[in-house]
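Asker: Quick one: the structure is below, and I'll ask about it shortly.
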Amino acid sequence: MNTVDPLITDTASRFFADTCTHDAIQRAEDMGGAPALWAAFAQTGFPWVSLPQECGGSGGTLVDALEILRLVGYYAAPVPAAETGMLGGWLLSQADLALPEGIVTVVPGNTRDTIALNTDGSVSGVAHMVPWGRSAEQLVFLDDQQVVSVNVTDAEVQPHPSLAGEPRDTLVFNRAPAQVGAAPDSVNAISFRLRGALSRVALMAGAIEKMSQLTVTYTNERHQFGRPVAKFQAVQQHLVWAAQDAALTRMAAEVAGLGAQDGDAAFEIASAKLVANQAATRATKAAHQAHGAMGMTQEYPLHHYSRRLWTWRSEYGGVQEWARWVGDLAVGQGADGLYPLIASGSSSG
Amino acid sequence: MRFTPTQLGDAELELQREVRAFLAQELPPGSHQPGLGMSARADRAFSAKMAERGWVGMSLPKQWGGSDRSAVDRFIVVEEMLRWGAPVGHHWVADRQTGNVILKFGTDEQRKRFLPAICRGELGFSIGMSEPDSGSDLASVSMRAERGDGGWIVNGTKIWTSGAHQNDWFICLLRTHPLEEGGSKHQGLSQMLVDLNSPGLDIGPIPFLNGEHHFNEVAFTDVFVPDENVVGEPGMGWNQNTAEMAYERGGPDRWLSPFSTVEQLLREVEGTEMEQRACELFGELTARWWALRNLSLSVARLIDEGEAPSVESALVKEMGTRFELEVIEKLVEFVDEELTPDADSLFHRLLAECVLTGPGNTIRGGTIEILRSVAAKGLEGLPA
């Protein structure tokens, strides 16, 4: 089984712990970005892990890239790591297009989107909910089997915040010049959506774990009725439930990531996103309840994680979309194949 | 605390294929009424057939009749048996925990006497922990053993004893040394193996809410237990019992109980207009089972690596049994019509049984409230 290089975990953890302080995250929200933090992050080469070096990437595996995303989630790092690397950067490198030096973002896929490649090779239309659109150098999307890249300087940018106050902007293009490259068959709307979902699962795994740990610490420090509130059974229930959802989501993320390294892992990714979405709902509820009023303040950091989780759980597919996806696979296997699907996933019959 | 993903290796997948082939041969789908996971009925002949293949007491050493197989191998056999609803009731307790207790704390004479018979699937064990006044507060057990000639004279009552009317042996936690003033109630307890045919034992049914006979009350009146049936050091039973409880937690028995019911639903809706209506439900349940199974499997792997993952096991059991109840609730909402235990549809019959027995899932082997206390203690000291 492929495992993460521990050096990546150590180095990235140290980087984020030093840079993503409570104040730095808050400042990024207030300013709508964190250019200095991004510059320092780019220096490490981490945003481009898993992209081939010959395209300008940092090399490494998808599992390594997902570990970095897990840590982005764990530290609530206000950086478009997924977009620049395993989503936008991946599309570019798959179509043999060069990776730019700056931030790459993508069109996540919203029903209101009209962005498309014109017959003359330019791009027009609107892309919604574009992560860090305002700070990006290039916007990348798939139009049928073509990877299309446009410069964001050619767009009209309408800034919008996510629930976490991170940029989810609307970009409007009118006959903007574009770079176009043919995508291989394996790169298509479905594989892009699965990859988007996988990126969110990794981020969510980190955020739920951190939220669970914050909750344990807070409830052991906070005293009421003469003892730490963590000693009350009613509070222990919240601690245990949050810890379970942290473990469940991380396991789902890691198993899906390992599967995606060797194959399409559609079952694993769909299942993982479904499980993570539900876990995020339960764990944010438990963590907030255990924190009481303190968790409702901007001053205390819980919201960095809970608000990101509420954002990520609805990006790249909510519970219904993935329940239908996994359900189709399950029903397709039939009764005799149901358990083999649970036990072996994509590699079952 | 860390759950590390693990995959089955080639030999493990081969074992999985063997178990599936065995089940397809012995219990072809449609030929038997599946049980609800570990609540499946007892069938000595079926246990003997599994034992012939080395699948009972399989993690025990070869020296004592076992197969020296890993915890993961046992996980594979158990998950297949339970998801199939196979009748594993007879050997269940011995295979899961009592064999391990005897191996770990017993004498060589006890190992020789009990372990090979357990591995042949012959011995059914009941567990004697709860008493009328001792449930979650287990250390308060008051069943007393007094010294007699060459053994102990036992008086008291055990309760909620599953299968005592069918089984052969009873492993009991009882007090051999009086509670000292100001002393710890964890001191002075012992574990004993009691022959369920001993004179002075009175086994009476406590019918389940649906009238079925699983539970018993077992009353001891001057029951003689010879010294050779005391497991481990007299007075040190609490720690042994705590170690035993760890075997009860986190395995597939804690999340597979309603699986055979869900599988039967799929069998009955396949190709009908209901199939599409059930699609999202199957998706939700399948995804969660997949994730839970990976957590539970990783605990088995930790055990094979020599760890004692008690917090991890408690977390998985608490989550798994709650999920079992969630599955039942979702199935009831899906069916949205009257359930009867004698319905024509096997799915309806199984679901009726799930509804009636489900509340026990989050109680048996330690209530989820107690599990939360165990787990919460383990969560302290995590980094933040």
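Labeling convention for the structure tokens: chains A, B, ... as they appear, residues from 1 per chain, ligands from 1 in order of appearance.
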List every residue of chain A that has an atom at most 6 Å from any atom of chain B, giving for each one its closest atom pair and the distance in Å to one decimal, counting only C-alpha atoms, sorted by chain and then by ascending residue number, as a Markdown table.
Answerer:
```
| residue | atom | partner | partner_atom | distance |
| --- | --- | --- | --- | --- |
| A:Gln213 | CA | B:Ala384 | CA | 5.1 |
| A:Leu214 | CA | B:Ala384 | CA | 5.6 |
| A:Gln236 | CA | B:Ala376 | CA | 5.9 |
| A:Ala252 | CA | B:Ala291 | CA | 5.6 |
| A:Ser271 | CA | B:Ala287 | CA | 4.5 |
| A:Ala323 | CA | B:Gly283 | CA | 4.4 |
| A:Arg324 | CA | B:Glu280 | CA | 4.7 |
| A:Val326 | CA | B:Gly283 | CA | 4.4 |
| A:Gly327 | CA | B:Gly283 | CA | 3.5 |
| A:Ala335 | CA | B:Arg267 | CA | 5.1 |
| A:Ile342 | CA | B:Trp290 | CA | 4.8 |
```
Asker: Export all heavy atoms of the chosen residues as an mmCIF file, in the first residue's frame?
Answerer:
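Writing done, so here's result-v8.cif:
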```cif
data_model
loop_
_atom_site.group_PDB
_atom_site.id
_atom_site.type_symbol
_atom_site.label_atom_id
_atom_site.label_comp_id
_atom_site.auth_asym_id
_atom_site.auth_seq_id
_atom_site.Cartn_x
_atom_site.Cartn_y
_atom_site.Cartn_z
ATOM 1 N N GLN A 213 -10.362 17.788 18.079
ATOM 2 C CA GLN A 213 -9.307 18.020 19.075
ATOM 3 C C GLN A 213 -9.536 19.314 19.848
ATOM 4 O O GLN A 213 -9.351 19.363 21.067
ATOM 5 C CB GLN A 213 -7.939 18.042 18.383
ATOM 6 C CG GLN A 213 -7.562 16.674 17.826
ATOM 7 C CD GLN A 213 -6.333 16.694 16.954
ATOM 8 O OE1 GLN A 213 -5.767 17.756 16.690
ATOM 9 N NE2 GLN A 213 -5.904 15.537 16.501
ATOM 10 N N LEU A 214 -9.970 20.364 19.138
ATOM 11 C CA LEU A 214 -10.291 21.629 19.824
ATOM 12 C C LEU A 214 -11.365 21.393 20.878
ATOM 13 O O LEU A 214 -11.315 21.957 21.969
ATOM 14 C CB LEU A 214 -10.863 22.646 18.817
ATOM 15 C CG LEU A 214 -9.935 23.549 18.025
ATOM 16 C CD1 LEU A 214 -10.779 24.445 17.117
ATOM 17 C CD2 LEU A 214 -9.091 24.399 18.959
ATOM 18 N N GLN A 236 -19.585 14.287 27.087
ATOM 19 C CA GLN A 236 -18.770 13.201 26.516
ATOM 20 C C GLN A 236 -19.379 12.673 25.225
ATOM 21 O O GLN A 236 -18.677 12.289 24.294
ATOM 22 C CB GLN A 236 -18.634 12.054 27.521
ATOM 23 C CG GLN A 236 -17.690 12.399 28.662
ATOM 24 C CD GLN A 236 -17.599 11.287 29.679
ATOM 25 O OE1 GLN A 236 -18.400 10.352 29.690
ATOM 26 N NE2 GLN A 236 -16.616 11.396 30.550
ATOM 27 N N ALA A 252 -12.202 7.247 5.306
ATOM 28 C CA ALA A 252 -12.830 7.289 3.980
ATOM 29 C C ALA A 252 -11.936 8.037 2.994
ATOM 30 O O ALA A 252 -11.729 7.601 1.854
ATOM 31 C CB ALA A 252 -14.204 7.961 4.082
ATOM 32 N N SER A 271 -18.578 7.262 -2.180
ATOM 33 C CA SER A 271 -18.924 6.869 -0.809
ATOM 34 C C SER A 271 -18.267 7.803 0.194
ATOM 35 O O SER A 271 -18.877 8.211 1.187
ATOM 36 C CB SER A 271 -18.475 5.433 -0.534
ATOM 37 O OG SER A 271 -19.191 4.536 -1.354
ATOM 38 N N ALA A 323 -25.474 9.796 -2.937
ATOM 39 C CA ALA A 323 -26.287 8.643 -2.525
ATOM 40 C C ALA A 323 -26.857 7.961 -3.766
ATOM 41 O O ALA A 323 -26.910 6.738 -3.865
ATOM 42 C CB ALA A 323 -27.406 9.080 -1.583
ATOM 43 N N ARG A 324 -27.257 8.773 -4.726
ATOM 44 C CA ARG A 324 -27.805 8.198 -5.954
ATOM 45 C C ARG A 324 -26.699 7.463 -6.732
ATOM 46 O O ARG A 324 -26.907 6.374 -7.256
ATOM 47 C CB ARG A 324 -28.419 9.328 -6.810
ATOM 48 C CG ARG A 324 -29.052 8.864 -8.089
ATOM 49 C CD ARG A 324 -30.300 9.655 -8.425
ATOM 50 N NE ARG A 324 -31.451 9.250 -7.633
ATOM 51 C CZ ARG A 324 -32.269 8.244 -7.962
ATOM 52 N NH1 ARG A 324 -32.052 7.530 -9.043
ATOM 53 N NH2 ARG A 324 -33.299 7.940 -7.211
ATOM 54 N N VAL A 326 -23.839 6.085 -5.524
ATOM 55 C CA VAL A 326 -23.478 4.824 -4.861
ATOM 56 C C VAL A 326 -24.645 3.845 -4.950
ATOM 57 O O VAL A 326 -24.458 2.645 -5.171
ATOM 58 C CB VAL A 326 -23.088 5.056 -3.381
ATOM 59 C CG1 VAL A 326 -22.736 3.739 -2.696
ATOM 60 C CG2 VAL A 326 -21.912 6.023 -3.290
ATOM 61 N N GLY A 327 -25.867 4.385 -4.822
ATOM 62 C CA GLY A 327 -27.046 3.530 -4.912
ATOM 63 C C GLY A 327 -27.161 2.843 -6.259
ATOM 64 O O GLY A 327 -27.490 1.660 -6.341
ATOM 65 N N ALA A 335 -28.397 -8.108 -5.136
ATOM 66 C CA ALA A 335 -28.337 -8.531 -3.734
ATOM 67 C C ALA A 335 -27.084 -9.347 -3.444
ATOM 68 O O ALA A 335 -26.398 -9.110 -2.446
ATOM 69 C CB ALA A 335 -29.593 -9.320 -3.374
ATOM 70 N N ILE A 342 -19.347 -3.612 -0.715
ATOM 71 C CA ILE A 342 -18.946 -2.946 0.532
ATOM 72 C C ILE A 342 -17.521 -3.356 0.920
ATOM 73 O O ILE A 342 -16.708 -2.537 1.339
ATOM 74 C CB ILE A 342 -19.941 -3.304 1.660
ATOM 75 C CG1 ILE A 342 -21.288 -2.628 1.396
ATOM 76 C CG2 ILE A 342 -19.391 -2.918 3.027
ATOM 77 C CD1 ILE A 342 -22.434 -3.144 2.261
#
```
Asker: Give me every strand (DSSP E) residue in range 86-214 of chain A, going by DSSP on the backbone, as a PyMOL selection string.
Answerer: chain A and resi 104-106+116-117+122-131+138-143+146-151+156-158+168-182
Asker: Take the residues from that selection and put them in a file with C-alpha atoms, as a compact mmCIF listing (two decimals), in the first residue's frame.
Answerer:
```txt
# COMPACT_ATOMS: atom_id res chain seq x y z
CA VAL A 104 -4.87 28.28 -11.02
CA THR A 105 -8.54 27.89 -10.34
CA VAL A 106 -11.34 25.90 -11.91
CA ALA A 116 -18.00 27.83 -22.98
CA LEU A 117 -15.52 27.73 -25.79
CA SER A 122 -12.28 32.33 -27.58
CA VAL A 123 -14.25 31.96 -24.34
CA SER A 124 -17.51 33.63 -23.32
CA GLY A 125 -20.01 33.20 -20.55
CA VAL A 126 -20.26 33.09 -16.79
CA ALA A 127 -18.62 30.79 -14.25
CA HIS A 128 -20.05 30.73 -10.73
CA MET A 129 -18.61 29.86 -7.33
CA VAL A 130 -15.03 29.99 -8.58
CA PRO A 131 -12.67 29.47 -5.63
CA GLN A 138 -5.74 31.29 -14.90
CA LEU A 139 -9.17 29.72 -14.91
CA VAL A 140 -9.31 26.18 -16.31
CA PHE A 141 -12.33 24.13 -17.34
CA LEU A 142 -13.36 21.20 -19.48
CA ASP A 143 -15.45 21.78 -22.57
CA GLN A 146 -10.98 19.91 -24.39
CA VAL A 147 -9.14 21.55 -21.56
CA VAL A 148 -9.61 25.30 -21.83
CA SER A 149 -7.56 27.88 -19.98
CA VAL A 150 -8.22 31.61 -19.82
CA ASN A 151 -6.47 34.48 -18.09
CA GLU A 156 -15.05 40.76 -15.05
CA VAL A 157 -14.81 39.46 -11.47
CA GLN A 158 -17.79 39.73 -9.13
CA ARG A 168 -16.21 31.97 -4.40
CA ASP A 169 -16.39 34.49 -7.20
CA THR A 170 -18.41 34.94 -10.35
CA LEU A 171 -16.26 35.39 -13.46
CA VAL A 172 -17.71 36.83 -16.65
CA PHE A 173 -15.89 36.42 -19.97
CA ASN A 174 -16.63 37.95 -23.32
CA ARG A 175 -14.57 36.61 -26.21
CA ALA A 176 -11.52 36.15 -24.07
CA PRO A 177 -8.50 34.54 -25.73
CA ALA A 178 -7.94 30.96 -24.57
CA GLN A 179 -5.42 28.16 -24.61
CA VAL A 180 -6.91 24.84 -25.60
CA GLY A 181 -5.53 21.32 -25.32
CA ALA A 182 -7.08 17.93 -25.99
```
Asker: Hey, which of A:Ala65, A:Leu97, A:His238, A:Tyr339 ends up closest to Met81 in chain B? Count only C-alpha atoms.
Answerer: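 Comparing A:Ala65, A:Leu97, A:His238, A:Tyr339 against Met81 in chain B, the winner is A:Tyr339.
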Asker: CA of Gln33 in chain B and CA of Ala51 in chain B are how many Å apart?
Answerer: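 The value is 21.7 Å.
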Asker: Mind checking which residues fall within 8 Å of range 117-121 of chain B, counting only C-alpha atoms, ignoring those fewer than 5 positions away in the same chain, and posting them as an MDAnalysis selection string?
Answerer: chainID B and resid 44 47:48 50:52 54:58 65:66 90:91 94:95 99
Asker: Would you put the residues from that selection into a file with C-alpha atoms, as a PDB file, in the first residue's frame?
Answerer:
```
ATOM      1  CA  ARG B  44     -24.163 -27.304  16.785  1.00  0.00           C
ATOM      2  CA  SER B  47     -20.516 -24.903  14.233  1.00  0.00           C
ATOM      3  CA  ALA B  48     -18.922 -28.335  13.774  1.00  0.00           C
ATOM      4  CA  MET B  50     -17.042 -24.453  10.471  1.00  0.00           C
ATOM      5  CA  ALA B  51     -14.686 -26.032  12.979  1.00  0.00           C
ATOM      6  CA  GLU B  52     -13.715 -28.734  10.480  1.00  0.00           C
ATOM      7  CA  GLY B  54     -10.500 -24.429  11.192  1.00  0.00           C
ATOM      8  CA  TRP B  55     -12.772 -21.401  11.485  1.00  0.00           C
ATOM      9  CA  VAL B  56     -13.705 -21.691  15.152  1.00  0.00           C
ATOM     10  CA  GLY B  57     -11.119 -20.513  17.667  1.00  0.00           C
ATOM     11  CA  MET B  58      -8.946 -19.893  14.636  1.00  0.00           C
ATOM     12  CA  GLY B  65      -6.267 -26.960  18.666  1.00  0.00           C
ATOM     13  CA  GLY B  66      -6.455 -23.562  17.019  1.00  0.00           C
ATOM     14  CA  HIS B  90     -23.464 -21.949  19.380  1.00  0.00           C
ATOM     15  CA  HIS B  91     -19.756 -21.160  19.212  1.00  0.00           C
ATOM     16  CA  ALA B  94     -16.303 -19.046  22.946  1.00  0.00           C
ATOM     17  CA  ASP B  95     -14.834 -18.026  19.614  1.00  0.00           C
ATOM     18  CA  GLY B  99     -11.148 -18.946  24.283  1.00  0.00           C
TER      19      GLY B  99
END
```
Asker: Using only C-alpha atoms, determine which residues lie at most 8 Å from Ala202 in chain A, disregarding the query and same-chain residues fewer than 4 positions distant; provide the list as a ChimeraX atom specification.
Answerer: /A:66-67,69-70,73,198,206,250,253-254
Asker: Tell me which of A:Arg193, A:Arg134, A:Lys273, A:Arg222 sits closest to Glu166 in chain A, counting only C-alpha atoms.
Answerer: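 For Glu166 in chain A, the nearest of the candidates is A:Arg134.
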Asker: Name the closest residue to Gly106 in chain B among the candidates B:Asn155, B:Gly188, B:Ser67, B:Asn229; distances are taken between atoms, counting only C-alpha atoms.
Answerer: B:Asn229
Asker: In Å, how far is it from CA of Ala283 in chain A to CA of Phe323 in chain B?
Answerer: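 Between CA of Ala283 in chain A and CA of Phe323 in chain B the gap is 15.2 Å.
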Asker: Can you pull out every residue within 10 Å of Gly148 in chain B, counting only C-alpha atoms, but drop anything in the same chain fewer than 4 positions away, and send it as a list of chain:residue names?
Answerer: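 Answer for this query is B:Trp152, B:Ile153, B:Val154, B:Phe224, B:Val225, B:Pro226, B:Asp227.
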Asker: Would you save the residues of that selection, restricted to N, CA and C atoms, as a PDB file, in the first residue's frame?
Answerer:
```pdb
ATOM      1  N   TRP B 152     -14.737 -23.744  45.612  1.00  0.00           N
ATOM      2  CA  TRP B 152     -15.515 -22.620  46.092  1.00  0.00           C
ATOM      3  C   TRP B 152     -17.004 -22.988  46.086  1.00  0.00           C
ATOM      4  N   ILE B 153     -17.702 -22.433  47.083  1.00  0.00           N
ATOM      5  CA  ILE B 153     -19.158 -22.617  47.147  1.00  0.00           C
ATOM      6  C   ILE B 153     -19.783 -21.285  46.734  1.00  0.00           C
ATOM      7  N   VAL B 154     -20.555 -21.345  45.672  1.00  0.00           N
ATOM      8  CA  VAL B 154     -21.043 -20.092  45.081  1.00  0.00           C
ATOM      9  C   VAL B 154     -22.538 -19.920  45.304  1.00  0.00           C
ATOM     10  N   PHE B 224     -20.905 -25.888  43.756  1.00  0.00           N
ATOM     11  CA  PHE B 224     -19.486 -26.149  43.994  1.00  0.00           C
ATOM     12  C   PHE B 224     -18.691 -25.950  42.696  1.00  0.00           C
ATOM     13  N   VAL B 225     -17.677 -25.093  42.785  1.00  0.00           N
ATOM     14  CA  VAL B 225     -16.789 -24.876  41.633  1.00  0.00           C
ATOM     15  C   VAL B 225     -15.382 -25.278  42.066  1.00  0.00           C
ATOM     16  N   PRO B 226     -14.824 -26.352  41.482  1.00  0.00           N
ATOM     17  CA  PRO B 226     -13.494 -26.806  41.911  1.00  0.00           C
ATOM     18  C   PRO B 226     -12.412 -25.780  41.590  1.00  0.00           C
ATOM     19  N   ASP B 227     -11.348 -25.811  42.365  1.00  0.00           N
ATOM     20  CA  ASP B 227     -10.256 -24.852  42.168  1.00  0.00           C
ATOM     21  C   ASP B 227      -9.737 -24.848  40.741  1.00  0.00           C
TER      22      ASP B 227
END
```
Asker: Apply DSSP to the backbone of this structure and, from range 7-246 of chain B, keep only the residues in helix (DSSP H, G or I); write these as a PyMOL selection string.
Answerer: chain B and resi 10-26+37-39+44-52+62-64+71-84+92-105+108-119+138-140+227-229+237-246
Asker: Which polymer residues have any atom within 10 Å of an atom of range 43-47 of chain A, counting only C-alpha atoms, with same-chain residues fewer than 6 positions away left out, as JSON, numbers by chain?
Answerer: {"A": [8, 11, 12, 15, 37, 57, 58, 59, 60, 64, 65, 68, 69, 79, 80, 81, 82, 83, 84, 85, 86, 89, 103, 104]}
